[in-house]
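input07.txt follows; it contains compact mmCIF, C-alpha atoms and all ligand atoms.
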# COMPACT_ATOMS: atom_id res chain seq x y z
CA MET A 1 23.87 0.69 -4.80
CA SER A 2 20.76 1.90 -3.01
CA ILE A 3 16.99 2.20 -2.82
CA LEU A 4 16.08 5.85 -3.42
CA VAL A 5 12.85 7.15 -1.88
CA TYR A 6 11.23 10.39 -3.06
CA ILE A 7 10.08 12.22 0.08
CA ARG A 8 7.27 14.62 -0.70
CA ASN A 9 7.79 18.08 0.79
CA VAL A 10 4.42 19.72 1.47
CA ASN A 11 5.21 23.32 2.46
CA GLY A 12 8.08 22.18 4.67
CA LYS A 13 6.20 19.20 6.13
CA ILE A 14 6.32 15.46 5.57
CA LYS A 15 3.08 13.54 5.14
CA LYS A 16 2.22 10.03 6.32
CA GLN A 17 2.54 8.72 2.76
CA SER A 18 6.32 9.34 2.84
CA LEU A 19 6.59 7.39 6.10
CA GLU A 20 4.69 4.51 4.48
CA LEU A 21 6.99 4.68 1.46
CA THR A 22 10.02 4.57 3.77
CA SER A 23 8.50 1.55 5.57
CA TYR A 24 8.05 -0.16 2.19
CA ALA A 25 11.66 0.67 1.26
CA GLN A 26 12.84 -0.74 4.57
CA ALA A 27 11.11 -4.09 3.89
CA LEU A 28 12.59 -4.09 0.37
CA SER A 29 16.05 -3.34 1.75
CA GLU A 30 15.87 -6.35 4.08
CA SER A 31 15.37 -8.66 1.10
CA LEU A 32 17.81 -6.90 -1.23
CA ASP A 33 20.45 -5.92 1.35
CA LEU A 34 20.61 -2.37 0.00
CA PRO A 35 20.65 0.88 2.00
CA ILE A 36 17.73 3.31 1.79
CA VAL A 37 18.38 6.93 0.81
CA GLY A 38 15.75 9.68 0.73
CA ILE A 39 15.65 12.68 -1.61
CA VAL A 40 13.66 15.73 -0.54
CA ILE A 41 13.38 18.87 -2.68
CA GLY A 42 12.64 22.41 -1.49
CA GLU A 43 13.16 24.12 1.84
CA ILE A 44 12.54 21.83 4.80
CA ALA A 45 13.90 21.87 8.36
CA GLU A 46 16.15 19.09 9.66
CA GLU A 47 13.78 18.50 12.60
CA GLU A 48 10.94 17.70 10.20
CA LEU A 49 13.07 15.07 8.43
CA GLN A 50 13.90 13.37 11.74
CA ALA A 51 10.51 11.58 11.57
CA LEU A 52 12.00 9.38 8.82
CA LYS A 53 14.59 7.75 11.08
CA LEU A 54 11.82 5.96 13.00
CA TYR A 55 11.08 3.98 9.81
CA GLY A 56 14.59 2.88 8.93
CA MET A 57 15.85 5.82 6.82
CA LYS A 58 19.60 6.35 7.45
CA ARG A 59 20.48 8.96 4.86
CA VAL A 60 18.60 11.83 3.26
CA LEU A 61 19.76 14.08 0.42
CA ARG A 62 18.17 17.46 1.00
CA VAL A 63 17.91 20.04 -1.78
CA ASN A 64 17.30 22.87 0.66
CA ASP A 65 16.81 25.65 -1.86
CA ALA A 66 13.84 28.04 -2.03
CA GLN A 67 13.97 28.16 -5.86
CA TYR A 68 12.72 24.54 -5.84
CA ASN A 69 9.85 25.08 -3.39
CA LYS A 70 7.40 24.99 -6.27
CA ARG A 71 7.37 21.65 -8.00
CA VAL A 72 8.21 21.79 -11.70
CA ASN A 73 8.10 18.18 -12.91
CA ARG A 74 10.75 18.68 -15.60
CA VAL A 75 13.22 20.15 -13.08
CA TYR A 76 12.36 17.70 -10.26
CA THR A 77 12.96 14.81 -12.68
CA LYS A 78 16.45 16.12 -13.44
CA ILE A 79 17.25 16.60 -9.75
CA ILE A 80 16.12 13.05 -8.93
CA GLU A 81 18.08 11.70 -11.90
CA GLN A 82 21.22 13.26 -10.40
CA ALA A 83 20.38 11.69 -7.03
CA VAL A 84 19.96 8.31 -8.76
CA ILE A 85 23.47 8.63 -10.18
CA GLU A 86 24.92 9.95 -6.89
CA THR A 87 23.54 6.99 -4.90
CA ASP A 88 23.69 4.40 -7.70
CA ALA A 89 20.03 3.70 -7.00
CA LYS A 90 18.66 0.46 -8.43
CA TYR A 91 15.16 0.91 -6.99
CA ILE A 92 13.42 4.28 -6.98
CA LEU A 93 10.17 4.71 -5.06
CA PHE A 94 7.54 7.43 -5.54
CA PRO A 95 4.12 7.83 -3.94
CA ASP A 96 1.24 6.63 -6.12
CA ASN A 97 -0.25 10.12 -6.43
CA ASN A 98 -0.10 13.03 -8.87
CA GLN A 99 3.59 13.64 -8.09
CA GLY A 100 4.49 10.00 -8.74
CA LYS A 101 2.36 9.99 -11.90
CA ALA A 102 4.08 13.14 -13.19
CA ILE A 103 7.71 12.42 -12.31
CA ALA A 104 8.14 8.62 -12.38
CA PRO A 105 7.39 8.12 -16.12
CA ARG A 106 9.69 11.02 -17.08
CA LEU A 107 12.49 9.59 -14.95
CA SER A 108 11.90 6.10 -16.31
CA VAL A 109 12.59 7.34 -19.85
CA ARG A 110 15.70 9.29 -18.81
CA ILE A 111 17.36 6.48 -16.82
CA LYS A 112 15.91 3.60 -18.89
CA ALA A 113 14.22 2.02 -15.89
CA GLY A 114 11.16 -0.25 -15.92
CA PHE A 115 8.25 1.46 -14.18
CA VAL A 116 5.40 -0.19 -12.26
CA PRO A 117 2.59 2.09 -11.02
CA HIS A 118 -0.15 1.14 -8.49
CA VAL A 119 2.03 -1.44 -6.71
CA MET A 120 -0.06 -3.42 -4.21
CA ASP A 121 2.56 -5.23 -2.14
CA LEU A 122 6.21 -6.21 -1.80
CA PRO A 123 7.65 -8.15 -4.77
CA HIS A 124 6.57 -11.80 -4.80
CA SER A 125 9.80 -12.72 -6.62
CA TYR A 126 13.23 -11.07 -6.82
CA GLU A 127 14.85 -13.29 -9.48
CA PRO A 128 13.16 -12.41 -11.79
CA PHE A 129 11.75 -9.26 -10.19
CA MET A 130 7.95 -9.56 -10.05
CA VAL A 131 5.40 -7.45 -8.25
CA TYR A 132 1.59 -7.20 -8.15
CA LYS A 133 -0.08 -4.04 -9.40
CA ARG A 134 -3.70 -2.96 -9.45
CA ALA A 135 -5.39 -3.47 -12.83
CA PHE A 136 -8.78 -2.81 -14.46
CA THR A 137 -9.76 -0.08 -11.94
CA GLY A 138 -9.17 -2.42 -9.02
CA LYS A 139 -11.10 -5.42 -10.40
CA ALA A 140 -7.93 -7.44 -10.89
CA LEU A 141 -4.29 -7.80 -9.92
CA ALA A 142 -1.57 -7.99 -12.55
CA SER A 143 1.76 -9.66 -11.90
CA VAL A 144 4.42 -7.54 -13.61
CA GLN A 145 7.96 -8.69 -14.34
CA VAL A 146 10.64 -5.99 -14.59
CA ASN A 147 13.85 -6.90 -16.40
CA THR A 148 15.73 -3.59 -16.38
CA ASP A 149 18.67 -3.02 -14.06
CA ARG A 150 16.95 0.00 -12.51
CA LYS A 151 13.34 -0.21 -11.40
CA ILE A 152 10.81 2.45 -10.46
CA LEU A 153 7.81 1.59 -8.30
CA THR A 154 4.90 3.63 -6.97
CA PRO A 155 3.33 1.67 -4.06
CA MET A 156 -0.31 2.54 -3.41
CA LEU A 157 -1.36 4.46 -0.34
CA ASN A 158 -2.11 2.16 2.62
CA SER A 159 -0.97 -0.92 0.67
CA PHE A 160 1.83 -1.61 3.11
CA GLY A 161 1.31 0.45 6.27
CA LEU A 162 3.85 1.81 8.73
CA ARG A 163 6.67 -0.33 10.12
CA GLU A 164 8.91 1.13 12.81
CA ASN A 165 12.65 0.43 12.88
CA PRO A 166 14.49 3.34 14.60
CA VAL A 167 17.97 4.13 13.21
CA ASP A 168 20.36 7.10 13.14
CA LEU A 169 19.75 9.53 10.29
CA THR A 170 22.30 11.63 8.39
CA ILE A 171 21.02 14.62 6.43
CA GLU A 172 23.28 15.79 3.57
CA ASP A 173 22.72 18.94 1.57
CA PHE A 174 22.57 18.03 -2.11
CA VAL A 175 23.22 20.70 -4.74
CA PRO A 176 21.99 19.64 -8.18
CA GLU A 177 23.26 21.16 -11.41
CA ILE A 178 20.24 22.62 -13.17
CA ASP A 179 21.01 24.75 -16.21
CA GLU A 180 17.54 25.87 -17.22
CA PRO A 181 14.90 28.24 -15.85
CA GLN A 182 13.00 26.76 -12.92
CA SER A 183 9.63 27.50 -14.47
CA ARG A 184 8.12 29.25 -17.45
CA LEU A 185 4.73 29.20 -15.76
CA ASN A 186 3.60 30.59 -12.44
CA VAL A 187 2.11 27.48 -10.83
CA VAL A 188 -0.06 28.13 -7.78
CA ASN A 189 -0.48 25.23 -5.36
CA LYS A 190 -3.72 25.05 -3.48
CA GLU A 191 -4.29 22.22 -1.02
CA LEU A 192 -8.05 21.89 -0.63
CA GLU A 193 -9.33 20.54 2.64
CA ALA A 194 -12.49 18.48 3.09
CA GLY A 195 -14.27 19.11 6.39
CA GLY A 196 -11.07 20.55 7.87
CA VAL A 197 -9.24 17.22 7.37
CA SER A 198 -7.26 16.51 4.21
CA LEU A 199 -9.07 13.77 2.28
CA MET A 200 -5.86 12.15 1.06
CA ASP A 201 -4.44 11.81 4.57
CA ALA A 202 -7.62 11.09 6.55
CA ASP A 203 -7.83 7.89 8.59
CA ILE A 204 -11.63 8.03 8.50
CA VAL A 205 -13.74 9.27 5.57
CA VAL A 206 -17.50 9.86 5.68
CA SER A 207 -18.85 9.83 2.13
CA GLY A 208 -22.30 10.43 0.68
CA GLY A 209 -24.07 9.65 -2.57
CA ARG A 210 -27.22 10.56 -4.41
CA GLY A 211 -29.20 8.63 -1.80
CA LEU A 212 -28.86 11.65 0.49
CA ARG A 213 -31.24 13.45 -1.89
CA SER A 214 -30.08 17.08 -1.44
CA ALA A 215 -27.07 19.28 -0.72
CA GLU A 216 -28.65 20.36 2.60
CA ASN A 217 -28.84 16.77 3.85
CA PHE A 218 -25.06 16.57 3.73
CA SER A 219 -25.01 18.53 7.00
CA ILE A 220 -25.65 15.23 8.84
CA LEU A 221 -22.53 13.79 7.21
CA GLU A 222 -20.52 16.83 8.22
CA GLU A 223 -21.68 16.40 11.81
CA LEU A 224 -20.70 12.72 11.81
CA ALA A 225 -17.32 13.64 10.29
CA ASN A 226 -16.81 16.26 13.02
CA THR A 227 -17.50 13.71 15.74
CA LEU A 228 -15.04 11.24 14.21
CA GLY A 229 -12.36 13.74 13.16
CA ALA A 230 -12.98 12.48 9.63
CA ALA A 231 -12.82 14.01 6.14
CA THR A 232 -15.94 14.19 3.98
CA ALA A 233 -16.20 12.80 0.45
CA CYS A 234 -18.86 12.04 -2.16
CA SER A 235 -19.73 10.14 -5.30
CA ARG A 236 -19.32 11.76 -8.70
CA PRO A 237 -22.96 12.70 -9.44
CA VAL A 238 -23.08 14.51 -6.11
CA ALA A 239 -20.09 16.65 -7.13
CA ASP A 240 -21.43 17.04 -10.68
CA ASP A 241 -24.74 18.35 -9.29
CA GLY A 242 -22.85 20.83 -7.11
CA TRP A 243 -24.10 19.32 -3.83
CA ARG A 244 -20.47 18.97 -2.74
CA PRO A 245 -17.20 20.53 -3.97
CA ALA A 246 -15.47 18.73 -6.84
CA ASN A 247 -12.35 18.04 -4.74
CA GLU A 248 -14.40 15.63 -2.58
CA HIS A 249 -15.31 13.33 -5.48
CA VAL A 250 -13.71 9.90 -5.15
CA GLY A 251 -13.48 7.13 -7.71
CA GLN A 252 -12.01 6.30 -11.07
CA THR A 253 -12.25 9.89 -12.28
CA GLY A 254 -11.77 11.47 -8.85
CA LYS A 255 -9.45 10.91 -5.91
CA ILE A 256 -8.16 7.45 -5.05
CA ILE A 257 -8.07 7.15 -1.28
CA ALA A 258 -7.18 4.43 1.20
CA PRO A 259 -8.42 5.39 4.68
CA ASN A 260 -8.69 2.95 7.57
CA VAL A 261 -12.48 3.36 7.62
CA TYR A 262 -14.73 4.51 4.74
CA PHE A 263 -18.42 5.22 5.39
CA ALA A 264 -20.45 4.93 2.14
CA ILE A 265 -23.86 6.45 2.81
CA GLY A 266 -26.49 6.43 0.08
CA ILE A 267 -23.88 5.26 -2.44
CA SER A 268 -24.85 2.41 -4.76
CA GLY A 269 -21.29 1.08 -5.15
CA ALA A 270 -20.78 1.41 -8.92
CA ILE A 271 -17.46 -0.02 -10.08
CA GLN A 272 -16.18 3.46 -10.96
CA HIS A 273 -16.82 4.61 -7.38
CA VAL A 274 -15.38 1.52 -5.71
CA ALA A 275 -12.21 1.91 -7.81
CA GLY A 276 -11.39 4.95 -5.69
CA VAL A 277 -11.94 3.35 -2.29
CA SER A 278 -11.04 -0.32 -2.68
CA GLY A 279 -7.82 0.34 -0.74
CA ALA A 280 -9.83 1.24 2.40
CA LYS A 281 -9.16 -1.19 5.25
CA CYS A 282 -12.81 -1.23 6.33
CA ILE A 283 -15.92 -0.14 4.40
CA VAL A 284 -19.15 0.59 6.26
CA ALA A 285 -22.18 0.89 3.95
CA ILE A 286 -25.59 2.35 4.73
CA ASN A 287 -28.16 1.89 1.99
CA THR A 288 -31.94 1.39 1.74
CA ASP A 289 -31.46 -1.27 -0.94
CA GLY A 290 -30.14 -4.54 0.51
CA ASP A 291 -29.09 -5.62 -3.01
CA ALA A 292 -26.96 -2.51 -3.68
CA PRO A 293 -23.50 -3.55 -5.02
CA ILE A 294 -21.79 -1.56 -2.25
CA PHE A 295 -22.67 -4.43 0.12
CA ASP A 296 -20.49 -6.77 -1.99
CA VAL A 297 -17.40 -4.81 -0.96
CA ALA A 298 -18.53 -3.62 2.50
CA ASP A 299 -17.14 -5.09 5.71
CA TYR A 300 -20.16 -3.84 7.66
CA GLY A 301 -23.56 -3.07 6.16
CA LEU A 302 -26.71 -1.42 7.45
CA VAL A 303 -29.85 -1.69 5.33
CA GLY A 304 -31.93 1.39 6.09
CA ASP A 305 -32.49 5.08 5.61
CA GLY A 306 -29.23 6.98 5.93
CA LEU A 307 -31.09 10.18 6.76
CA LYS A 308 -32.34 8.51 9.96
CA ILE A 309 -29.39 6.23 10.76
CA VAL A 310 -26.61 8.83 10.46
CA PRO A 311 -27.97 11.25 13.14
CA GLU A 312 -28.62 8.29 15.49
CA LEU A 313 -25.15 6.89 14.86
CA ASN A 314 -23.69 10.33 15.47
CA SER A 315 -25.36 10.81 18.86
CA LEU A 316 -24.38 7.26 19.94
CA LEU A 317 -20.77 7.88 18.91
CA LYS A 318 -20.75 11.21 20.76
CA GLU A 319 -21.87 9.41 23.94
CA VAL A 320 -19.25 6.69 23.52
CA LEU A 321 -16.45 9.18 22.79
CA ALA A 322 -17.51 11.46 25.68
CA ASP A 323 -17.04 8.51 28.10
CA LYS A 324 -13.44 8.05 26.95
C1 LIG B 1 -16.41 6.74 -17.23
C2 LIG B 1 -17.12 6.89 -15.91
C3 LIG B 1 -16.40 7.32 -14.83
C4 LIG B 1 -17.03 7.45 -13.58
N1 LIG B 1 -16.29 7.84 -12.49
C5 LIG B 1 -16.91 7.90 -11.28
C6 LIG B 1 -16.15 8.24 -10.12
O1 LIG B 1 -14.96 8.53 -10.18
N2 LIG B 1 -16.79 8.25 -8.93
C7 LIG B 1 -18.13 7.96 -8.81
O2 LIG B 1 -18.64 7.99 -7.67
N3 LIG B 1 -18.84 7.65 -9.89
C8 LIG B 1 -18.28 7.62 -11.12
N4 LIG B 1 -19.04 7.32 -12.22
C9 LIG B 1 -20.49 7.21 -12.05
C10 LIG B 1 -20.90 5.83 -11.53
O3 LIG B 1 -21.05 4.93 -12.61
C11 LIG B 1 -22.24 5.93 -10.75
O4 LIG B 1 -23.21 6.48 -11.60
C12 LIG B 1 -22.17 6.76 -9.49
O5 LIG B 1 -21.08 6.32 -8.68
C13 LIG B 1 -23.45 6.63 -8.72
O6 LIG B 1 -23.45 7.53 -7.65
P1 LIG B 1 -24.34 7.26 -6.37
O7 LIG B 1 -24.00 5.92 -5.81
O8 LIG B 1 -24.20 8.45 -5.49
O9 LIG B 1 -25.81 7.34 -6.94
P2 LIG B 1 -26.86 6.19 -7.30
O10 LIG B 1 -26.30 5.17 -8.22
O11 LIG B 1 -28.10 6.90 -7.74
O12 LIG B 1 -27.12 5.47 -5.91
C14 LIG B 1 -27.80 6.02 -4.84
C15 LIG B 1 -27.91 4.92 -3.78
O13 LIG B 1 -28.51 5.48 -2.61
C16 LIG B 1 -29.41 4.54 -2.09
N5 LIG B 1 -30.39 5.31 -1.30
C17 LIG B 1 -31.46 6.02 -1.75
N6 LIG B 1 -32.05 6.67 -0.69
C18 LIG B 1 -31.32 6.35 0.39
C19 LIG B 1 -31.42 6.70 1.76
N7 LIG B 1 -32.37 7.53 2.20
N8 LIG B 1 -30.52 6.18 2.63
C20 LIG B 1 -29.54 5.33 2.19
N9 LIG B 1 -29.39 4.98 0.92
C21 LIG B 1 -30.27 5.48 0.03
C22 LIG B 1 -29.99 3.82 -3.29
O14 LIG B 1 -30.47 2.55 -2.91
C23 LIG B 1 -28.77 3.74 -4.20
O15 LIG B 1 -28.05 2.54 -3.98
C24 LIG B 1 -18.42 7.17 -13.46
C25 LIG B 1 -19.13 6.74 -14.58
C26 LIG B 1 -18.49 6.62 -15.80
C27 LIG B 1 -19.29 6.13 -16.97

Same coordinates, now as structure tokens:
Amino acid sequence: MSILVYIRNVNGKIKKQSLELTSYAQALSESLDLPIVGIVIGEIAEEELQALKLYGMKRVLRVNDAQYNKRVNRVYTKIIEQAVIETDAKYILFPDNNQGKAIAPRLSVRIKAGFVPHVMDLPHSYEPFMVYKRAFTGKALASVQVNTDRKILTPMLNSFGLRENPVDLTIEDFVPEIDEPQSRLNVVNKELEAGGVSLMDADIVVSGGRGLRSAENFSILEELANTLGAATACSRPVADDGWRPANEHVGQTGKIIAPNVYFAIGISGAIQHVAGVSGAKCIVAINTDGDAPIFDVADYGLVGDGLKIVPELNSLLKEVLADK
């Protein structure tokens, strides 16, 4: 028996989310006394996979085959199903992103496993198995009981963090039996970057709303993001109005992110926006309206004009960082 972790292969690289997922699996394995096994699909070098051993991963099944470099959910599901059987996996973990959303439900039907998305923490009970998940766009937590023998979970980004536990890692080449064409469509992957830093992986995000009044005024946010090595983001109306690219829109209908620090500048804090950032460890809000709902969820708040505060904050931060 095992805990199987889906390791996302991004053009031959591993992202922080897979290390978090491995850390989560490690904590689960301590309670369940089960080994952790990773499955990675598509060409990837052994050296890249070595990062996993720092977080307790002892065995990885690697499908090192160029024909699987492009993700086709139907085919990936079948490959992972074969890995589930190979390792007798009782717990299967996916990231809580588009890949998890696309593959986990398909796999759950094929292997008859209960599936819990948006998992917030480790299980709070093992007999019966119960875990908290995010509900009602982040307004509530739901305690979900899973009764099936096999269970699929997608823990949310930043819900658990990284936990080091160095071990020795064995990488095994895994050759699945796939008897159908890899793809009937030519799918083109395009990873869009926000401010040079990927929004999904950024530790710091500087985000602006309608309070910034124009597309041009977003240059002050870009400068602050440059100083901090942060990604830029925005509220939905800002993207709808074309002030910022659509891939920067966060919230219920946009990206769900969980950076360490989220700057919300000129953003009112509507529930649909907060749903996308409630996983942030620290929210800093700047708003002219002291009663804006964003202050209900902010850890630090500044009541004032963002157009004046942001440039001042930027030059102060530049001074502080230059002294380091
Ligand atoms: C089904 C549905 C889904 C939605 N999904 C999303 C989503 O995914 N993401 C999302 O963001 N929204 C979403 N929305 C829209 C959401 O309800 C809000 O309308 C939107 O988030 C408001 O954007 P905003 O805060 O930029 O603008 P506003 O609500 O107009 O707020 C602007 C804020 O800026 C402040 N301000 C004004 N001038 C300044 C200044 N100079 N300095 C500092 N502050 C200033 C104001 O006090 C105000 O609080 C959705 C709505 C629906 C109905």

For this session: Enter the distance from atom CA of A:Pro293 to atom CA of A:Ile309, in Å, rounded to one decimal.
Result: 19.5 Å

For this session: Excluding A:Tyr55 and residues on its chain fewer than 2 positions from it, collect all residues at most 6 Å away from it, counting all atoms listed in the file, and give them as a PyMOL selection string.
Result: chain A and resi 23+52-53+57+164-166

Problem set entry | Non-local contacts of A:Met156 (7 Å; only C-alpha atoms; under 6 positions in same chain excluded) as a ChimeraX atom specification | /A:95-96,118-120

Residues at most 10 Å from ligand LIG 1 (chain B), using all atoms listed in the file? Could they come as a short mmCIF file (atom, residue, chain, number, x, y, z; two decimals) with C-alpha atoms, in the coordinates of the input?
data_model
loop_
_atom_site.label_atom_id
_atom_site.label_comp_id
_atom_site.auth_asym_id
_atom_site.auth_seq_id
_atom_site.Cartn_x
_atom_site.Cartn_y
_atom_site.Cartn_z
CA SER A 207 -18.85 9.83 2.13
CA GLY A 208 -22.30 10.43 0.68
CA GLY A 209 -24.07 9.65 -2.57
CA ARG A 210 -27.22 10.56 -4.41
CA GLY A 211 -29.20 8.63 -1.80
CA LEU A 212 -28.86 11.65 0.49
CA ARG A 213 -31.24 13.45 -1.89
CA ALA A 233 -16.20 12.80 0.45
CA CYS A 234 -18.86 12.04 -2.16
CA SER A 235 -19.73 10.14 -5.30
CA ARG A 236 -19.32 11.76 -8.70
CA PRO A 237 -22.96 12.70 -9.44
CA VAL A 238 -23.08 14.51 -6.11
CA ALA A 239 -20.09 16.65 -7.13
CA ASP A 240 -21.43 17.04 -10.68
CA HIS A 249 -15.31 13.33 -5.48
CA VAL A 250 -13.71 9.90 -5.15
CA GLY A 251 -13.48 7.13 -7.71
CA GLN A 252 -12.01 6.30 -11.07
CA THR A 253 -12.25 9.89 -12.28
CA GLY A 254 -11.77 11.47 -8.85
CA LYS A 255 -9.45 10.91 -5.91
CA ILE A 256 -8.16 7.45 -5.05
CA ALA A 264 -20.45 4.93 2.14
CA ILE A 265 -23.86 6.45 2.81
CA GLY A 266 -26.49 6.43 0.08
CA ILE A 267 -23.88 5.26 -2.44
CA SER A 268 -24.85 2.41 -4.76
CA GLY A 269 -21.29 1.08 -5.15
CA ALA A 270 -20.78 1.41 -8.92
CA ILE A 271 -17.46 -0.02 -10.08
CA GLN A 272 -16.18 3.46 -10.96
CA HIS A 273 -16.82 4.61 -7.38
CA VAL A 274 -15.38 1.52 -5.71
CA ALA A 275 -12.21 1.91 -7.81
CA GLY A 276 -11.39 4.95 -5.69
CA VAL A 277 -11.94 3.35 -2.29
CA ALA A 285 -22.18 0.89 3.95
CA ILE A 286 -25.59 2.35 4.73
CA ASN A 287 -28.16 1.89 1.99
CA THR A 288 -31.94 1.39 1.74
CA ASP A 289 -31.46 -1.27 -0.94
CA GLY A 290 -30.14 -4.54 0.51
CA ASP A 291 -29.09 -5.62 -3.01
CA ALA A 292 -26.96 -2.51 -3.68
CA PRO A 293 -23.50 -3.55 -5.02
CA ILE A 294 -21.79 -1.56 -2.25
CA PHE A 295 -22.67 -4.43 0.12
CA LEU A 302 -26.71 -1.42 7.45
CA VAL A 303 -29.85 -1.69 5.33
CA GLY A 304 -31.93 1.39 6.09
CA ASP A 305 -32.49 5.08 5.61
CA GLY A 306 -29.23 6.98 5.93
CA LEU A 307 -31.09 10.18 6.76
CA LYS A 308 -32.34 8.51 9.96
CA ILE A 309 -29.39 6.23 10.76
CA VAL A 310 -26.61 8.83 10.46
#

For this session: Kindly give the distance, in Å, that separates atom CA of A:Ser278 and atom CA of A:Leu221, rounded to a single decimal.
Result: 20.7 Å

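Comparing A:Glu180, A:Asp149, A:Glu216, A:Glu248 by their smallest distance to A:Val72, the closest is A:Glu180 (using all atoms listed in the file).
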
Exercise. If we count all atoms listed in the file, what is near A:Val5 at a cut-off of 12 Å, once residues fewer than 2 positions away on the same chain are taken out, given as a PyMOL selection string?
Worked result: chain A and resi 2-3+7-8+17-26+28-29+35-41+52+56-62+80+83-84+87+89-95+100+104+152-155

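Counting from atom CA of A:Ile111, the distance to atom CA of A:Phe174 is 19.4 Å.
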
For this session: Find the residues with any atom within 8 Å of (5.6, 23.2, 2.0); use all atoms listed in the file and the coordinates as given in the file, and write the answer as a count of residues only.
Result: 9

Problem set entry | Proximity to A:Arg244 - best of A:Leu157, A:Ala215, A:Ile257, A:Ala230, all atoms listed in the file | A:Ala215

For this session: Pick out the closest residue to A:Met200 from this set: A:Val75, A:Leu316, A:Ala231, A:Ala27. Count only C-alpha atoms.
Result: A:Ala231

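Using only C-alpha atoms, the residues found no farther than 12 Å from A:Asn147, other than those of its own chain fewer than 5 positions away, are Lys90, Lys112, Ala113, Gly114, Phe115, Val116, Tyr126, Glu127, Pro128, Phe129, Met130, Val131 and Ile152 of chain A.
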
Write a file of the selected residues as a PDB file, in the coordinates of the input, keeping C-alpha atoms.
ATOM      1  CA  LYS A  90      18.660   0.460  -8.430  1.00  0.00           C
ATOM      2  CA  LYS A 112      15.910   3.600 -18.890  1.00  0.00           C
ATOM      3  CA  ALA A 113      14.220   2.020 -15.890  1.00  0.00           C
ATOM      4  CA  GLY A 114      11.160  -0.250 -15.920  1.00  0.00           C
ATOM      5  CA  PHE A 115       8.250   1.460 -14.180  1.00  0.00           C
ATOM      6  CA  VAL A 116       5.400  -0.190 -12.260  1.00  0.00           C
ATOM      7  CA  TYR A 126      13.230 -11.070  -6.820  1.00  0.00           C
ATOM      8  CA  GLU A 127      14.850 -13.290  -9.480  1.00  0.00           C
ATOM      9  CA  PRO A 128      13.160 -12.410 -11.790  1.00  0.00           C
ATOM     10  CA  PHE A 129      11.750  -9.260 -10.190  1.00  0.00           C
ATOM     11  CA  MET A 130       7.950  -9.560 -10.050  1.00  0.00           C
ATOM     12  CA  VAL A 131       5.400  -7.450  -8.250  1.00  0.00           C
ATOM     13  CA  ILE A 152      10.810   2.450 -10.460  1.00  0.00           C
TER      14      ILE A 152
END

Problem set entry | Residue contacts of A:Asn314 (8 Å, all atoms listed in the file) excluding same-chain residues fewer than 5 positions away, as a PyMOL selection string | chain A and resi 223-224+227

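Compared by their closest atoms to A:Phe263, and using all atoms listed in the file, the residues A:Val205, A:Leu49, A:Ala246, A:Leu313 rank with A:Val205 nearest.
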
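Considering only C-alpha atoms, the residue among A:Glu312, A:Glu46, A:Asp65, A:Asp296 positioned nearest to A:Val175 is A:Asp65.
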